[in-house]
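One file, upload.cif, is given below (mmCIF, C-alpha atoms).
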```cif
data_entry
loop_
_atom_site.label_atom_id
_atom_site.label_comp_id
_atom_site.auth_asym_id
_atom_site.auth_seq_id
_atom_site.Cartn_x
_atom_site.Cartn_y
_atom_site.Cartn_z
CA MET A 1458 68.73 -18.14 -48.05
CA LYS A 1459 70.67 -19.67 -45.23
CA GLY A 1460 68.64 -21.40 -42.52
CA VAL A 1461 69.58 -19.11 -39.62
CA PHE A 1462 68.97 -15.97 -41.69
CA LYS A 1463 65.54 -17.29 -42.70
CA ILE A 1464 64.62 -17.96 -39.10
CA VAL A 1465 65.69 -14.47 -38.03
CA ILE A 1466 63.61 -12.85 -40.78
CA ILE A 1467 60.59 -15.03 -39.99
CA LEU A 1468 60.89 -14.19 -36.29
CA GLY A 1469 61.07 -10.50 -37.22
CA LEU A 1470 57.90 -10.84 -39.29
CA VAL A 1471 56.19 -12.67 -36.43
CA GLY A 1472 57.25 -9.69 -34.34
CA VAL A 1473 55.46 -7.41 -36.82
CA LEU A 1474 52.31 -9.51 -36.39
CA ALA A 1475 52.71 -9.19 -32.64
CA MET A 1476 53.11 -5.41 -32.93
CA ILE A 1477 49.88 -5.19 -34.92
CA ARG A 1478 48.20 -7.06 -32.07
CA ILE A 1479 49.89 -5.10 -29.27
CA TYR A 1480 49.00 -1.71 -30.76
CA GLU A 1481 45.50 -2.64 -31.89
CA TYR A 1482 43.90 -0.33 -29.32
CA ARG A 1483 45.96 2.61 -30.50
CA PHE A 1484 45.61 2.24 -34.27
CA PHE A 1485 42.36 0.36 -34.93
CA TYR A 1486 38.85 1.28 -33.94
CA ASP A 1487 37.03 -1.86 -32.86
CA PRO A 1488 34.27 -1.57 -30.24
CA PHE A 1489 34.31 -5.36 -29.85
CA MET A 1490 37.65 -5.16 -28.07
CA TYR A 1491 36.17 -2.98 -25.34
CA PHE A 1492 32.80 -4.70 -25.38
CA PHE A 1493 34.10 -8.17 -24.60
CA GLU A 1494 36.50 -6.87 -21.96
CA ARG A 1495 33.94 -4.93 -19.96
CA ALA A 1496 30.39 -4.59 -21.24
CA TYR A 1497 29.47 -8.11 -22.39
CA GLN A 1498 28.39 -9.30 -18.94
CA SER A 1499 26.11 -6.31 -18.34
CA GLY A 1500 24.01 -6.91 -21.45
CA GLU A 1501 25.01 -3.74 -23.27
CA THR A 1502 24.92 -3.60 -27.06
CA VAL A 1503 27.77 -2.96 -29.50
CA ASN A 1504 27.69 0.30 -31.41
CA TYR A 1505 29.27 -0.41 -34.76
CA THR A 1506 30.01 1.89 -37.66
CA PHE A 1507 31.57 1.87 -41.08
CA GLU A 1508 34.83 2.77 -39.32
CA MET A 1509 34.76 -0.53 -37.41
CA PHE A 1510 34.31 -2.54 -40.62
CA SER A 1511 37.01 -0.60 -42.46
CA ASN A 1512 39.48 -1.01 -39.58
CA LEU A 1513 38.75 -4.73 -39.42
CA PHE A 1514 39.38 -4.95 -43.17
CA LEU A 1515 42.65 -3.02 -42.76
CA ARG A 1516 43.84 -5.36 -40.01
CA PHE A 1517 43.00 -8.35 -42.18
CA VAL A 1518 44.97 -6.91 -45.10
CA LEU A 1519 48.00 -6.06 -42.93
CA ASN A 1520 48.03 -9.50 -41.30
CA THR A 1521 47.63 -11.15 -44.70
CA LEU A 1522 50.53 -9.25 -46.25
CA VAL A 1523 52.86 -10.08 -43.35
CA SER A 1524 51.71 -13.71 -43.39
CA LEU A 1525 52.40 -13.98 -47.13
CA LEU A 1526 55.87 -12.52 -46.52
CA ILE A 1527 56.48 -15.19 -43.87
CA LEU A 1528 55.45 -17.87 -46.36
CA TRP A 1529 57.70 -16.36 -49.04
CA VAL A 1530 60.73 -16.28 -46.75
CA ALA A 1531 60.05 -19.82 -45.56
CA PHE A 1532 59.42 -21.46 -48.95
CA ARG A 1533 60.36 -19.05 -51.78
CA SER A 1534 57.64 -20.48 -53.99
CA TRP A 1535 55.30 -18.37 -56.11
CA GLY A 1536 52.93 -21.33 -56.27
CA ILE A 1537 52.59 -21.35 -52.49
CA ILE A 1538 52.12 -17.57 -52.39
CA LYS A 1539 49.44 -17.64 -55.10
CA PHE A 1540 47.60 -20.52 -53.45
CA SER A 1541 47.80 -18.84 -50.03
CA ALA A 1542 46.58 -15.53 -51.46
CA LEU A 1543 43.57 -17.36 -52.92
CA ILE A 1544 42.86 -18.93 -49.53
CA TYR A 1545 43.07 -15.56 -47.82
CA ALA A 1546 40.81 -13.99 -50.48
CA ALA A 1547 38.25 -16.78 -50.09
CA PHE A 1548 38.42 -16.42 -46.33
CA LEU A 1549 37.71 -12.68 -46.60
CA THR A 1550 35.01 -13.16 -49.23
CA VAL A 1551 33.10 -15.59 -47.03
CA LEU A 1552 33.71 -14.28 -43.52
CA PHE A 1553 33.43 -10.51 -43.99
CA PRO A 1554 29.83 -10.62 -45.29
CA VAL A 1555 28.96 -13.16 -42.58
CA PHE A 1556 30.33 -10.78 -39.96
CA MET A 1557 28.37 -7.85 -41.41
CA TYR A 1558 25.20 -9.95 -41.46
CA LEU A 1559 25.69 -11.05 -37.87
CA MET A 1560 26.25 -7.48 -36.72
CA GLU A 1561 23.06 -6.34 -38.46
CA ASN A 1562 20.86 -9.19 -37.25
CA VAL A 1563 22.22 -10.33 -33.90
CA GLU A 1564 20.11 -10.06 -30.77
CA PRO A 1565 21.59 -8.20 -27.78
CA GLY A 1566 23.49 -10.67 -25.64
CA GLN A 1567 24.05 -13.07 -28.57
CA TYR A 1568 27.28 -11.62 -29.91
CA LEU A 1569 29.43 -14.70 -29.52
CA ALA A 1570 29.16 -15.86 -33.16
CA ALA A 1571 30.03 -12.38 -34.42
CA PHE A 1572 32.92 -12.24 -31.95
CA TYR A 1573 34.45 -15.46 -33.28
CA VAL A 1574 34.01 -14.49 -36.94
CA ARG A 1575 35.64 -11.15 -36.12
CA ARG A 1576 38.48 -12.99 -34.39
CA PHE A 1577 39.22 -15.00 -37.56
CA LEU A 1578 39.31 -11.75 -39.54
CA ALA A 1579 41.30 -9.64 -37.07
CA HIS A 1580 43.98 -12.15 -36.08
CA PRO A 1581 46.47 -14.00 -38.30
CA LEU A 1582 45.17 -17.49 -37.58
CA LEU A 1583 45.57 -18.88 -41.09
CA ILE A 1584 49.35 -18.68 -40.94
CA LEU A 1585 49.22 -21.19 -38.06
CA ILE A 1586 47.62 -23.66 -40.48
CA LEU A 1587 49.40 -22.79 -43.72
CA LEU A 1588 52.98 -22.73 -42.48
CA PRO A 1589 53.04 -26.29 -41.10
CA ALA A 1590 50.86 -27.56 -43.98
CA PHE A 1591 53.27 -26.29 -46.63
CA TYR A 1592 56.26 -27.49 -44.60
CA TYR A 1593 54.77 -30.98 -44.48
CA TYR A 1594 53.95 -30.78 -48.21
CA ARG A 1595 57.55 -29.83 -48.98
CA LEU A 1596 58.91 -32.65 -46.83
CA SER A 1597 56.56 -35.23 -48.32
CA ARG A 1598 57.36 -34.20 -51.88
CA ASN A 1599 61.08 -33.70 -51.21
CA ILE A 1600 61.10 -30.52 -53.31
CA THR A 1601 64.54 -29.07 -54.05
CA ASP A 1602 65.49 -25.38 -53.92
CA GLU A 1603 65.51 -25.10 -57.72
CA GLU A 1604 61.94 -26.42 -57.98
CA ARG A 1605 60.64 -24.06 -55.25
CA ILE A 1606 61.66 -20.84 -56.98
CA SER A 1607 59.74 -21.57 -60.17
#
```
How would this structure read if it were set down as structure tokens?
Amino acid sequence: MKGVFKIVIILGLVGVLAMIRIYEYRFFYDPFMYFFERAYQSGETVNYTFEMFSNLFLRFVLNTLVSLLILWVAFRSWGIIKFSALIYAAFLTVLFPVFMYLMENVEPGQYLAAFYVRRFLAHPLLILILLPAFYYYRLSRNITDEERIS
């Protein structure tokens, strides 16, 4: 792909990530969003349900798919996509049970750890690490276009 075309597609995909974030209140049930905006200071508790966990999982999956598309457009390497998918799967496998445990066992007023674990699951933070890391890897290895596609 030509450089300008790649950048336009990547910016469009970043726009999709932004739209997921902008419309989170409309499409995803997450009492943490409201809790940390208003109720955290008053000492209220978070009422969580299966719906909250399933919506958090859905957001993670959507953000992951868009992030993998960004990586594909940027590098066109199945090796990078497979490695990134493994990182995302490991991230979910470790953090989702930790989040569930924290929600079950946290004391009222001590939600900060759960909030940050939820943030890593709900927002596409890994792409901010993976994109420059793979770019640096490609530059340091001087990989050609023919080698990237295989």
Could you tell me how far CA of Gly1536 (chain A) lies from CA of Phe1548 (chain A), in Å and to one decimal?
->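 That distance, rounded to one decimal, is 18.3 Å.
Once the PyMOL selection byres ((chain A and resi 1519) around 12) is applied to this file, the selection holds A:Leu1470, A:Val1473, A:Leu1474, A:Ala1475, A:Met1476, A:Ile1477, A:Arg1478, A:Glu1481, A:Phe1485, A:Asn1512, A:Leu1513, A:Phe1514, A:Leu1515, A:Arg1516, A:Phe1517, A:Val1518, A:Asn1520, A:Thr1521, A:Leu1522, A:Val1523, A:Ser1524, A:Leu1525, A:Leu1526, A:Tyr1545, A:Leu1578, A:Ala1579, A:His1580, A:Pro1581.
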Would you work out the distance separating CA of Ile1586 (chain A) from CA of Met1560 (chain A), expressed in Å to one decimal?
->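 These two atoms are separated by 27.1 Å.
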Distance query Phe1591 (chain A) at most 9 Å, all atoms listed in the file, self and fewer than 5 positions along chain excluded, as a ChimeraX atom specification | /A:1528,1532,1537,1586,1596
Residue nearest Val1555 (chain A) among A:Arg1598, A:Arg1533, A:Arg1575, A:Lys1459 (counting all atoms listed in the file) |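 Closest residue, counting all atoms listed in the file: A:Arg1575.
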Near-region 1463-1466 of chain A list (9 Å; all atoms listed in the file; drop same-chain fewer than 6 positions) as an NGL selection string | :A and (1527 or 1530-1531)
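For the pair CA of Leu1552 (chain A) and CA of Arg1483 (chain A), the separation is 24.6 Å.
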Any chance you could work out the axis-aligned box around region 1501-1516 of chain A, listed atoms only, 4 Å on each side, giving centre and edge lengths in Å to one decimal, as AutoDock Vina command-line options?
```
--center_x 34.4 --center_y -1.3 --center_z -33.2 --size_x 26.9 --size_y 16.1 --size_z 27.9
```
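Counting all atoms listed in the file and comparing A:Gly1460, A:Pro1589, A:Pro1488, A:Gly1472, the residue that lies closest to Phe1572 (chain A) is A:Pro1488.
Here the PyMOL selection byres ((chain A and resi 1570) around 12) catches exactly these residues: Leu1552, Val1555, Phe1556, Met1557, Tyr1558, Leu1559, Met1560, Asn1562, Val1563, Glu1564, Gly1566, Gln1567, Tyr1568, Leu1569, Ala1571, Phe1572, Tyr1573, Val1574, Arg1575, Arg1576 and Phe1577 of chain A.
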